[in-house]
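File shown: run_30.csv. Contents: CSV, C-alpha atoms.
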chain,number,residue,atom,x,y,z
Q,1,MET,CA,-14.7,-30.3,-6.8
Q,2,ASP,CA,-17.7,-28.5,-5.3
Q,3,VAL,CA,-17.6,-24.8,-6.4
Q,4,ASN,CA,-18.7,-23.5,-3.0
Q,5,LYS,CA,-15.8,-25.4,-1.3
Q,6,ALA,CA,-13.4,-24.1,-3.8
Q,7,LEU,CA,-14.7,-20.5,-3.4
Q,8,PHE,CA,-14.2,-20.8,0.3
Q,9,GLN,CA,-10.6,-21.9,-0.2
Q,10,PHE,CA,-10.0,-19.1,-2.7
Q,11,CYS,CA,-11.3,-16.5,-0.3
Q,12,LEU,CA,-9.1,-17.8,2.5
Q,13,ARG,CA,-6.1,-17.6,0.2
Q,14,ARG,CA,-6.7,-14.0,-0.8
Q,15,GLY,CA,-7.6,-13.1,2.8
Q,16,ASP,CA,-4.5,-14.7,4.2
Q,17,ASP,CA,-2.2,-13.2,1.5
Q,18,THR,CA,-3.4,-9.7,2.3
Q,19,HIS,CA,-3.7,-10.2,6.0
Q,20,VAL,CA,-0.2,-11.7,6.5
Q,21,LEU,CA,1.4,-9.0,4.3
Q,22,SER,CA,-0.6,-6.4,6.2
Q,23,HIS,CA,0.7,-7.7,9.5
Q,24,ARG,CA,4.3,-7.7,8.2
Q,25,LEU,CA,4.0,-4.1,7.1
Q,26,GLY,CA,2.4,-3.2,10.4
Q,27,GLU,CA,5.6,-4.4,12.1
Q,28,TRP,CA,7.3,-1.3,10.5
Q,29,CYS,CA,5.0,1.0,12.4
Q,30,GLY,CA,7.2,3.3,14.5
Q,31,HIS,CA,10.3,1.8,12.9
Q,32,GLY,CA,10.2,3.2,9.4
Q,33,PRO,CA,13.5,4.7,8.1
Q,34,VAL,CA,11.8,8.1,8.0
Q,35,LEU,CA,8.4,9.3,9.2
Q,36,GLU,CA,7.1,9.6,5.7
Q,37,GLU,CA,7.8,6.0,4.8
Q,38,ASP,CA,6.6,4.8,8.1
Q,39,MET,CA,3.2,6.4,7.2
Q,40,ALA,CA,3.4,5.0,3.7
Q,41,LEU,CA,3.8,1.5,4.9
Q,42,THR,CA,1.2,1.6,7.5
Q,43,ASN,CA,-1.3,3.2,5.1
Q,44,ARG,CA,-0.6,0.3,2.8
Q,45,ALA,CA,-0.9,-2.2,5.7
Q,46,LEU,CA,-4.4,-0.7,6.5
Q,47,ASP,CA,-5.4,-1.0,2.8
Q,48,LEU,CA,-4.5,-4.6,2.9
Q,49,LEU,CA,-6.2,-5.2,6.2
Q,50,GLY,CA,-9.4,-3.8,4.7
Q,51,GLN,CA,-9.1,-6.2,1.8
Q,52,ALA,CA,-8.4,-9.1,4.1
Q,53,ARG,CA,-11.5,-8.3,6.1
Q,54,ASN,CA,-13.6,-8.4,2.9
Q,55,TYR,CA,-12.2,-11.7,1.9
Q,56,LEU,CA,-12.5,-13.4,5.3
Q,57,GLN,CA,-16.0,-12.1,5.9
Q,58,TYR,CA,-17.0,-13.5,2.6
Q,59,ALA,CA,-15.2,-16.7,3.3
Q,60,GLY,CA,-17.2,-17.2,6.5
Q,61,GLN,CA,-20.4,-16.5,4.6
Q,62,VAL,CA,-19.6,-18.9,1.8
Q,63,GLU,CA,-18.6,-21.6,4.3
Q,64,GLY,CA,-21.9,-21.2,6.1
Q,65,LYS,CA,-20.8,-22.5,9.5
Q,66,GLY,CA,-21.1,-19.2,11.3
Q,67,ARG,CA,-17.3,-18.4,11.5
Q,68,SER,CA,-16.6,-14.7,11.6
Q,69,GLU,CA,-13.6,-12.9,10.0
Q,70,ASP,CA,-12.0,-12.9,13.5
Q,71,ASP,CA,-12.5,-16.6,14.0
Q,72,LEU,CA,-10.8,-17.2,10.7
Q,73,ALA,CA,-8.0,-14.8,11.3
Q,74,TYR,CA,-7.2,-15.6,14.9
Q,75,LEU,CA,-8.3,-19.2,15.5
Q,76,ARG,CA,-6.6,-21.0,12.6
Q,77,ASN,CA,-3.1,-22.3,13.2
Q,78,GLU,CA,-0.2,-22.2,10.8
Q,79,ARG,CA,-1.2,-25.3,9.0
Q,80,GLY,CA,-4.6,-23.8,8.4
Q,81,TYR,CA,-3.2,-20.7,6.8
Q,82,VAL,CA,-3.1,-20.8,3.0
Q,83,ASN,CA,-1.2,-17.6,2.1
Q,84,CYS,CA,1.6,-17.7,-0.4
Q,85,LYS,CA,5.1,-18.0,1.2
Q,86,LEU,CA,6.2,-14.7,-0.2
Q,87,VAL,CA,4.1,-12.5,2.1
Q,88,GLU,CA,5.2,-14.3,5.3
Q,89,GLN,CA,8.9,-13.6,4.8
Q,90,PRO,CA,10.4,-11.4,7.5
Q,91,ASN,CA,10.8,-7.8,6.7
Q,92,GLY,CA,14.6,-7.8,6.7
Q,93,ASP,CA,16.1,-4.4,5.7
Q,94,TYR,CA,14.1,-1.8,3.9
Q,95,ALA,CA,15.2,-3.1,0.5
Q,96,HIS,CA,13.9,-6.6,1.4
Q,97,THR,CA,10.5,-5.1,2.4
Q,98,ILE,CA,10.3,-3.1,-0.8
Q,99,VAL,CA,11.2,-6.0,-3.0
Q,100,LYS,CA,8.7,-8.2,-1.3
Q,101,CYS,CA,6.0,-5.6,-1.8
Q,102,PHE,CA,7.0,-5.0,-5.4
Q,103,LEU,CA,6.9,-8.7,-6.4
Q,104,PHE,CA,3.5,-9.0,-4.7
Q,105,ASP,CA,2.2,-5.8,-6.2
Q,106,ALA,CA,3.3,-6.7,-9.7
Q,107,TRP,CA,1.1,-9.8,-9.5
Q,108,HIS,CA,-1.6,-8.3,-7.3
Q,109,LEU,CA,-2.6,-5.4,-9.6
Q,110,PRO,CA,-3.2,-7.4,-12.8
Q,111,PHE,CA,-4.9,-10.1,-10.8
Q,112,LEU,CA,-7.3,-7.6,-9.3
Q,113,LYS,CA,-8.0,-6.0,-12.6
Q,114,ALA,CA,-8.9,-9.4,-14.0
Q,115,GLN,CA,-11.0,-10.2,-10.9
Q,116,LEU,CA,-13.2,-7.2,-11.8
Q,117,ASP,CA,-14.8,-9.5,-14.4
Q,118,SER,CA,-15.5,-12.3,-12.0
Q,119,LYS,CA,-18.9,-14.0,-12.3
Q,120,ASP,CA,-19.0,-13.8,-8.5
Q,121,GLU,CA,-20.4,-10.4,-7.8
Q,122,GLN,CA,-18.8,-10.2,-4.4
Q,123,LEU,CA,-15.3,-10.9,-5.6
Q,124,ALA,CA,-15.8,-8.4,-8.4
Q,125,ALA,CA,-16.9,-5.8,-5.9
Q,126,ILE,CA,-13.9,-6.5,-3.6
Q,127,ALA,CA,-11.6,-6.1,-6.6
Q,128,GLY,CA,-13.3,-2.8,-7.5
Q,129,LYS,CA,-12.2,-1.3,-4.3
Q,130,ALA,CA,-8.9,-3.0,-4.0
Q,131,VAL,CA,-7.7,-2.2,-7.5
Q,132,LYS,CA,-7.3,1.5,-6.7
Q,133,GLU,CA,-5.3,0.8,-3.6
Q,134,ALA,CA,-3.1,-1.8,-5.4
Q,135,THR,CA,-2.4,0.8,-8.2
Q,136,TYR,CA,-0.8,3.1,-5.7
Q,137,HIS,CA,1.0,0.2,-4.0
Q,138,LEU,CA,2.7,-0.8,-7.2
Q,139,ARG,CA,3.6,2.8,-7.9
Q,140,HIS,CA,5.2,3.3,-4.5
Q,141,SER,CA,7.2,0.0,-4.5
Q,142,SER,CA,8.3,0.5,-8.2
Q,143,GLU,CA,9.7,4.0,-7.4
Q,144,TRP,CA,11.6,2.6,-4.5
Q,145,MET,CA,12.9,-0.3,-6.6
Q,146,VAL,CA,14.4,2.3,-9.0
Q,147,ARG,CA,15.8,4.5,-6.2
Q,148,PHE,CA,17.5,1.5,-4.6
Q,149,GLY,CA,18.6,-0.2,-7.7
Q,150,ASP,CA,19.8,2.9,-9.4
Q,151,GLY,CA,21.0,4.6,-6.2
Q,152,THR,CA,24.2,4.0,-4.4
Q,153,GLU,CA,26.4,0.9,-4.6
Q,154,GLU,CA,25.1,-0.3,-1.3
Q,155,SER,CA,21.4,0.2,-2.0
Q,156,HIS,CA,21.9,-1.5,-5.4
Q,157,GLN,CA,23.6,-4.5,-3.8
Q,158,ARG,CA,20.9,-4.8,-1.0
Q,159,ALA,CA,18.1,-4.7,-3.5
Q,160,GLN,CA,19.8,-7.2,-5.8
Q,161,GLN,CA,20.3,-9.5,-2.8
Q,162,ALA,CA,16.7,-9.2,-1.7
Q,163,LEU,CA,15.6,-10.1,-5.3
Q,164,HIS,CA,17.8,-13.1,-5.2
Q,165,ASP,CA,16.4,-14.2,-1.8
Q,166,LEU,CA,12.8,-13.6,-2.6
Q,167,TRP,CA,12.5,-14.7,-6.3
Q,168,THR,CA,12.0,-18.3,-5.3
Q,169,PHE,CA,8.7,-17.3,-3.8
Q,170,THR,CA,7.2,-15.9,-7.0
Q,171,GLY,CA,6.4,-19.2,-8.6
Q,172,GLU,CA,3.6,-19.8,-6.1
Q,173,LEU,CA,1.7,-16.7,-7.3
Q,174,PHE,CA,1.0,-18.5,-10.6
Q,175,GLU,CA,0.2,-22.0,-9.4
Q,176,THR,CA,-3.0,-23.7,-10.3
Q,177,ASP,CA,-4.6,-26.6,-8.5
Q,178,GLU,CA,-8.0,-28.2,-8.2
Q,179,VAL,CA,-9.4,-25.3,-6.3
Q,180,TYR,CA,-8.3,-22.8,-9.0
Q,181,THR,CA,-9.3,-24.9,-12.0
Q,182,THR,CA,-12.8,-25.5,-10.5
Q,183,LEU,CA,-13.3,-21.7,-10.1
Q,184,ARG,CA,-11.7,-21.0,-13.4
Q,185,GLN,CA,-14.3,-23.2,-15.2
Q,186,ALA,CA,-17.1,-21.4,-13.3
Q,187,GLY,CA,-15.7,-18.1,-14.5
Q,188,ILE,CA,-15.1,-16.9,-11.0
Q,189,VAL,CA,-11.3,-16.5,-11.2
Q,190,PRO,CA,-9.2,-15.1,-14.0
Q,191,ASP,CA,-6.9,-16.8,-16.5
Q,192,LEU,CA,-3.4,-16.6,-15.1
Q,193,GLY,CA,-1.7,-16.5,-18.5
Q,194,PRO,CA,-2.3,-12.7,-19.1
Q,195,ILE,CA,-1.6,-12.0,-15.4
Q,196,LYS,CA,1.8,-13.7,-15.7
Q,197,GLU,CA,2.5,-11.6,-18.9
Q,198,ALA,CA,1.6,-8.4,-17.1
Q,199,PHE,CA,3.8,-9.5,-14.1
Q,200,ASP,CA,6.8,-10.2,-16.4
Q,201,ARG,CA,6.3,-6.9,-18.2
Q,202,THR,CA,6.2,-4.9,-15.0
Q,203,VAL,CA,9.1,-6.7,-13.5
Q,204,ASN,CA,11.3,-6.4,-16.6
Q,205,GLU,CA,10.5,-2.7,-17.1
Q,206,VAL,CA,11.1,-1.7,-13.5
Q,207,LEU,CA,14.2,-3.8,-13.1
Q,208,ALA,CA,15.7,-2.4,-16.3
Q,209,GLU,CA,15.2,1.1,-15.0
Q,210,ALA,CA,16.5,0.1,-11.6
Q,211,THR,CA,19.6,-1.5,-13.3
Q,212,LEU,CA,18.8,-4.7,-11.4
Q,213,LYS,CA,19.2,-8.2,-12.8
Q,214,ARG,CA,16.2,-10.4,-12.9
Q,215,PRO,CA,17.1,-13.7,-11.2
Q,216,GLU,CA,16.8,-17.0,-13.2
Q,217,ASP,CA,13.7,-19.1,-12.6
Q,218,GLU,CA,15.3,-22.0,-10.8
Q,219,PHE,CA,13.9,-23.7,-7.8
Q,220,MET,CA,10.5,-22.3,-6.9
Q,221,ALA,CA,9.1,-22.7,-3.4
Q,222,THR,CA,5.6,-24.2,-3.1
Q,223,GLY,CA,3.2,-25.5,-0.4
Q,224,GLY,CA,1.8,-22.3,1.1
Q,225,ARG,CA,-1.6,-23.0,-0.4
Q,226,LYS,CA,-1.6,-26.4,1.3
Q,227,GLY,CA,-0.7,-24.9,4.7
Q,228,GLN,CA,3.0,-25.8,4.4
Q,229,HIS,CA,4.9,-22.7,5.4
Q,230,THR,CA,8.4,-21.5,6.1
Q,231,GLU,CA,9.4,-21.4,9.8
Q,232,HIS,CA,8.6,-17.6,9.9
Q,233,LEU,CA,4.8,-17.8,9.7
Q,234,GLY,CA,4.4,-19.7,13.0
Q,235,HIS,CA,6.3,-17.0,14.9
Q,236,MET,CA,4.3,-14.3,13.2
Q,237,LEU,CA,1.0,-15.9,14.1
Q,238,GLY,CA,2.2,-16.5,17.7
Q,239,GLU,CA,2.5,-12.8,18.1
Q,240,MET,CA,-0.5,-11.9,16.1
Q,241,GLN,CA,-2.9,-14.4,17.7
Q,242,PHE,CA,-1.6,-14.2,21.2
Q,243,LEU,CA,-4.4,-12.1,22.7
Q,244,GLN,CA,-7.3,-14.3,21.3
Q,245,ARG,CA,-5.4,-17.4,22.3
Q,246,ALA,CA,-4.7,-16.3,25.9
Q,247,HIS,CA,-8.1,-14.6,26.4
Q,248,PRO,CA,-10.6,-16.3,24.1
Q,249,GLY,CA,-13.4,-14.1,23.0
Q,250,ALA,CA,-11.7,-11.0,24.4
Q,251,GLN,CA,-13.1,-7.7,23.0
Q,252,TRP,CA,-12.3,-4.1,23.4
P,1,MET,CA,15.2,16.1,13.0
P,2,SER,CA,18.5,17.8,12.3
P,3,ASN,CA,19.3,19.3,9.0
P,4,ASP,CA,23.1,19.4,9.4
P,5,ASN,CA,23.6,16.0,7.8
P,6,GLU,CA,24.0,16.5,4.0
P,7,LYS,CA,22.4,13.0,3.5
P,8,ASP,CA,19.2,14.3,4.9
P,9,TRP,CA,16.4,14.9,2.3
P,10,PRO,CA,15.5,18.5,1.7
P,11,LEU,CA,12.4,20.0,3.3
P,12,TRP,CA,9.2,20.6,1.2
P,13,GLU,CA,6.1,22.7,1.9
P,14,VAL,CA,2.9,21.0,1.1
P,15,PHE,CA,-0.3,22.6,-0.2
P,16,ILE,CA,-3.6,20.6,-0.5
P,17,GLN,CA,-6.7,21.5,-2.3
P,18,SER,CA,-9.6,19.9,-0.6
P,19,LYS,CA,-12.2,20.5,-3.3
P,20,ARG,CA,-12.0,21.5,-7.0
P,21,GLY,CA,-12.3,25.2,-7.3
P,22,LEU,CA,-11.0,26.0,-3.8
P,23,ASP,CA,-7.5,27.3,-3.1
P,24,HIS,CA,-4.6,25.1,-2.2
P,25,LYS,CA,-3.9,25.6,1.5
P,26,HIS,CA,-0.7,25.1,3.2
P,27,VAL,CA,-0.9,22.1,5.5
P,28,GLY,CA,2.6,21.4,6.6
P,29,SER,CA,6.0,20.2,5.5
P,30,LEU,CA,7.9,17.0,5.0
P,31,HIS,CA,11.2,15.6,3.8
P,32,ALA,CA,11.7,14.0,0.4
P,33,ALA,CA,14.5,13.4,-2.1
P,34,ASP,CA,12.8,15.0,-5.0
P,35,ALA,CA,9.4,16.4,-6.1
P,36,GLY,CA,7.9,13.1,-7.1
P,37,MET,CA,8.7,11.6,-3.8
P,38,ALA,CA,7.4,14.7,-2.0
P,39,ILE,CA,4.0,14.4,-3.7
P,40,GLU,CA,3.8,10.7,-2.8
P,41,ASN,CA,4.9,11.4,0.8
P,42,ALA,CA,2.3,14.3,1.0
P,43,ARG,CA,-0.3,11.8,-0.2
P,44,ASP,CA,0.6,9.4,2.5
P,45,VAL,CA,1.1,11.9,5.3
P,46,TYR,CA,-1.6,14.6,4.6
P,47,THR,CA,-4.5,13.0,2.7
P,48,ARG,CA,-5.2,9.9,4.8
P,49,ARG,CA,-8.6,11.1,5.9
P,50,GLY,CA,-9.9,12.3,2.6
P,51,GLU,CA,-8.6,15.8,2.9
P,52,GLY,CA,-7.2,16.0,-0.6
P,53,ASN,CA,-8.1,16.5,-4.2
P,54,SER,CA,-4.9,17.9,-5.5
P,55,ILE,CA,-1.4,18.4,-4.1
P,56,TRP,CA,1.2,21.0,-4.6
P,57,VAL,CA,4.7,20.8,-3.2
P,58,VAL,CA,7.5,23.3,-3.2
P,59,LYS,CA,11.0,23.2,-1.8
P,60,ALA,CA,11.0,25.1,1.4
P,61,GLU,CA,14.1,26.9,0.3
P,62,HIS,CA,12.1,28.4,-2.6
P,63,VAL,CA,9.6,30.0,-0.3
P,64,HIS,CA,10.7,33.6,0.5
P,65,ALA,CA,9.1,35.2,3.5
P,66,SER,CA,8.7,38.8,4.5
P,67,ASN,CA,10.7,40.0,7.5
P,68,PRO,CA,8.8,40.4,10.7
P,69,ASP,CA,10.9,43.5,11.4
P,70,ASP,CA,9.2,45.1,8.4
P,71,ALA,CA,5.7,44.7,9.9
P,72,GLU,CA,5.2,48.3,10.7
P,73,SER,CA,6.1,49.7,7.4
P,74,PHE,CA,4.5,46.9,5.5
P,75,TYR,CA,1.1,46.6,7.2
P,76,ASP,CA,0.3,49.5,9.4
P,77,PRO,CA,-0.3,52.0,6.5
P,78,ALA,CA,-3.3,49.9,5.4
P,79,ASP,CA,-5.0,50.3,8.8
P,80,ASP,CA,-6.7,53.7,8.1
P,81,LYS,CA,-7.8,53.1,4.5
P,82,VAL,CA,-11.3,51.9,5.0
P,83,TYR,CA,-12.2,53.1,1.5
P,84,ARG,CA,-10.3,50.1,0.1
P,85,HIS,CA,-12.8,47.7,1.5
P,86,PRO,CA,-15.8,47.1,-0.8
P,87,THR,CA,-18.2,48.0,2.0
P,88,PHE,CA,-19.8,51.1,0.3
P,89,TYR,CA,-22.1,49.1,-2.0
P,90,THR,CA,-25.5,47.8,-1.4
P,91,MET,CA,-25.7,44.1,-2.2
P,92,PRO,CA,-28.2,43.2,-4.8
P,93,GLU,CA,-30.9,40.8,-3.7
P,94,GLY,CA,-30.0,37.2,-4.5
P,95,ALA,CA,-26.2,37.7,-4.9
P,96,LYS,CA,-24.6,34.7,-3.4
P,97,TYR,CA,-21.1,33.6,-2.3
P,98,ILE,CA,-19.7,37.1,-1.8
Now that the file is in, can you turn its structure into structure tokens?
Amino acid sequence: MDVNKALFQFCLRRGDDTHVLSHRLGEWCGHGPVLEEDMALTNRALDLLGQARNYLQYAGQVEGKGRSEDDLAYLRNERGYVNCKLVEQPNGDYAHTIVKCFLFDAWHLPFLKAQLDSKDEQLAAIAGKAVKEATYHLRHSSEWMVRFGDGTEESHQRAQQALHDLWTFTGELFETDEVYTTLRQAGIVPDLGPIKEAFDRTVNEVLAEATLKRPEDEFMATGGRKGQHTEHLGHMLGEMQFLQRAHPGAQW
Amino acid sequence: MSNDNEKDWPLWEVFIQSKRGLDHKHVGSLHAADAGMAIENARDVYTRRGEGNSIWVVKAEHVHASNPDDAESFYDPADDKVYRHPTFYTMPEGAKYI
């Protein structure tokens, strides 16, 4: 596979992961359980949006067809989105949102740390900025995991339920395919082995402190990287892309 | 927000230091379950525009304030003691930051 084509796909995947999660967290704006958490989630949403912009700008540049970050974000349909299915899941209750963030963060931080050594300078630079943000994200979600898990009977039960519901989406974070192996051989993307180890270590440590049970690895959802999504993404994009679809090229 | 619900988190006062070497300044207050959460909440609420370099939080209940009724006896006696101000010296040339 052509390295440039693979790089374009990879940038789209990272851009879509961060953009979709950012949008989901943005949905909490004004609805957070308390003002302080409302701010925490929207701060995080803005961090992720900044990362998404970096990836999508770079994707447009790598593709070389003159598509801007906005073209890529607002004019691709659901089948063109290549985010992992974890991030598109609806927010649910606060425990669901936190568990979703935690599972993402536990993968994202070690991934970014490894991406610092990418032979692609742009990807290394994006990671350099994002790694600080992701460090705080993991800290925030981990603390809430412990508060929920080791909190009241109800908070424990809700967090455990969320883990149970979302665990199936963690397999996709460690998938490889032709795109990934092509970039791996070129030294552009990191070895997933150590990243999986770091993920397992974080998850096991935090869940132990939270007195939560790690679900078994049974059926793992897949397909997001090929544009096959759960029914939730289409609805989300319908809302997110409405303005550009109804008024193409609108600016303000 | 009412404080009569015992499930509400306690109130914390937040102090931010904008640059190393400067004082921590009171910037506001927030609710949090414990000190760790208060610091993180302060980070999220009060340092979003690069205001911060260091954060202190203290439970509002631990801040004891003087009584406004004491103002006369507390502060007025200082009004006529100009000799307490260091204004009777000549500043040496070149002395900065005073």
Residues of chain P at most 9 Å from chain Q: nearest atom pair and distance in Å, only C-alpha atoms, as CSV:
residue,atom,partner,partner_atom,distance
P:Leu30,CA,Q:Glu36,CA,7.5
P:His31,CA,Q:Glu36,CA,7.5
P:Ala32,CA,Q:Glu36,CA,8.3
P:Met37,CA,Q:Glu143,CA,8.5
P:Glu40,CA,Q:His140,CA,7.7
P:Asn41,CA,Q:Glu36,CA,5.7
P:Ala42,CA,Q:Glu36,CA,8.2
P:Arg43,CA,Q:Ala40,CA,8.7
P:Asp44,CA,Q:Ala40,CA,5.4
P:Val45,CA,Q:Met39,CA,6.2
P:Arg48,CA,Q:Asn43,CA,7.8
Inset, instruction - Take the point (-11.7, -19.9, -11.5) as written in the file and pick out every residue within 10 Å of it, counting only C-alpha atoms; give the list as an MDAnalysis selection string. - result: chainID Q and resid 3 6:7 10 115 118:120 176 178:192
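The interatomic distance for the pair atom CA of Q:Phe102 and atom CA of Q:Gly15 works out to 18.6 Å.
Distance-wise, atom CA of Q:Ala210 and atom CA of Q:Gln160 end up 9.9 Å apart.
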Inset, instruction - Could you check how far atom CA of Q:Tyr94 sits from atom CA of Q:Ala134, in Å to one decimal? - result: 19.6 Å
Legend entry - Selection near Q:Ile98, 10 Å with only C-alpha atoms, sequence-local residues under 3 positions removed, as a ChimeraX atom specification: /Q:41,91-95,101-104,140-145,148,159,162-163
Legend entry - 12 Å contact set for Q:Ala114, only C-alpha atoms, chain neighbours under 2 positions out, as a PyMOL selection string: chain Q and resi 107-112+116-119+123-128+130-131+184+187-196+198
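Nearest-residue note for Q:Arg76: choosing from Q:Glu133, Q:Glu88, Q:Glu172, Q:Asp16, the minimum distance belongs to Q:Asp16, counting all atoms listed in the file.
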Inset, instruction - List every protein, DNA or RNA residue with an atom no more than 7 Å from (-0.9, -3.7, 7.1) in the file's coordinates, counting all atoms listed in the file, and format the result as a ChimeraX atom specification. - result: /Q:21-26,42,44-49
Legend entry - Spatial neighbours of stretch 51-59 of chain P, 6 Å, only C-alpha atoms, chain gap at least 2 places, as a PyMOL selection string: chain P and resi 12-19+47+49+61-62
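The shortest atom-to-atom distance to Q:Glu239, with all atoms listed in the file taken into account, belongs to Q:Tyr74 out of Q:Glu216, Q:Tyr74, Q:Leu138, Q:Lys5.
Distances to Q:Ala59 were evaluated for Q:Ala73, Q:Gln9, Q:Val20, Q:Gly80 using only C-alpha atoms, and the minimum falls at Q:Gln9.
Candidate residues Q:Arg245, Q:Leu86, Q:Phe8, Q:Thr222 were compared for distance to Q:Arg67, and the nearest is Q:Phe8, using all atoms listed in the file.
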Inset, instruction - Would you mind telling me which residue in Q:Leu72, Q:Pro215, Q:Asp17, Q:Trp28 lies nearest to Q:Gly60 when using all atoms listed in the file? - result: Q:Leu72
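Counting only C-alpha atoms and comparing Q:Leu173, Q:Val99, Q:Leu75, Q:Val146, the residue that lies closest to Q:Gly224 is Q:Leu173.
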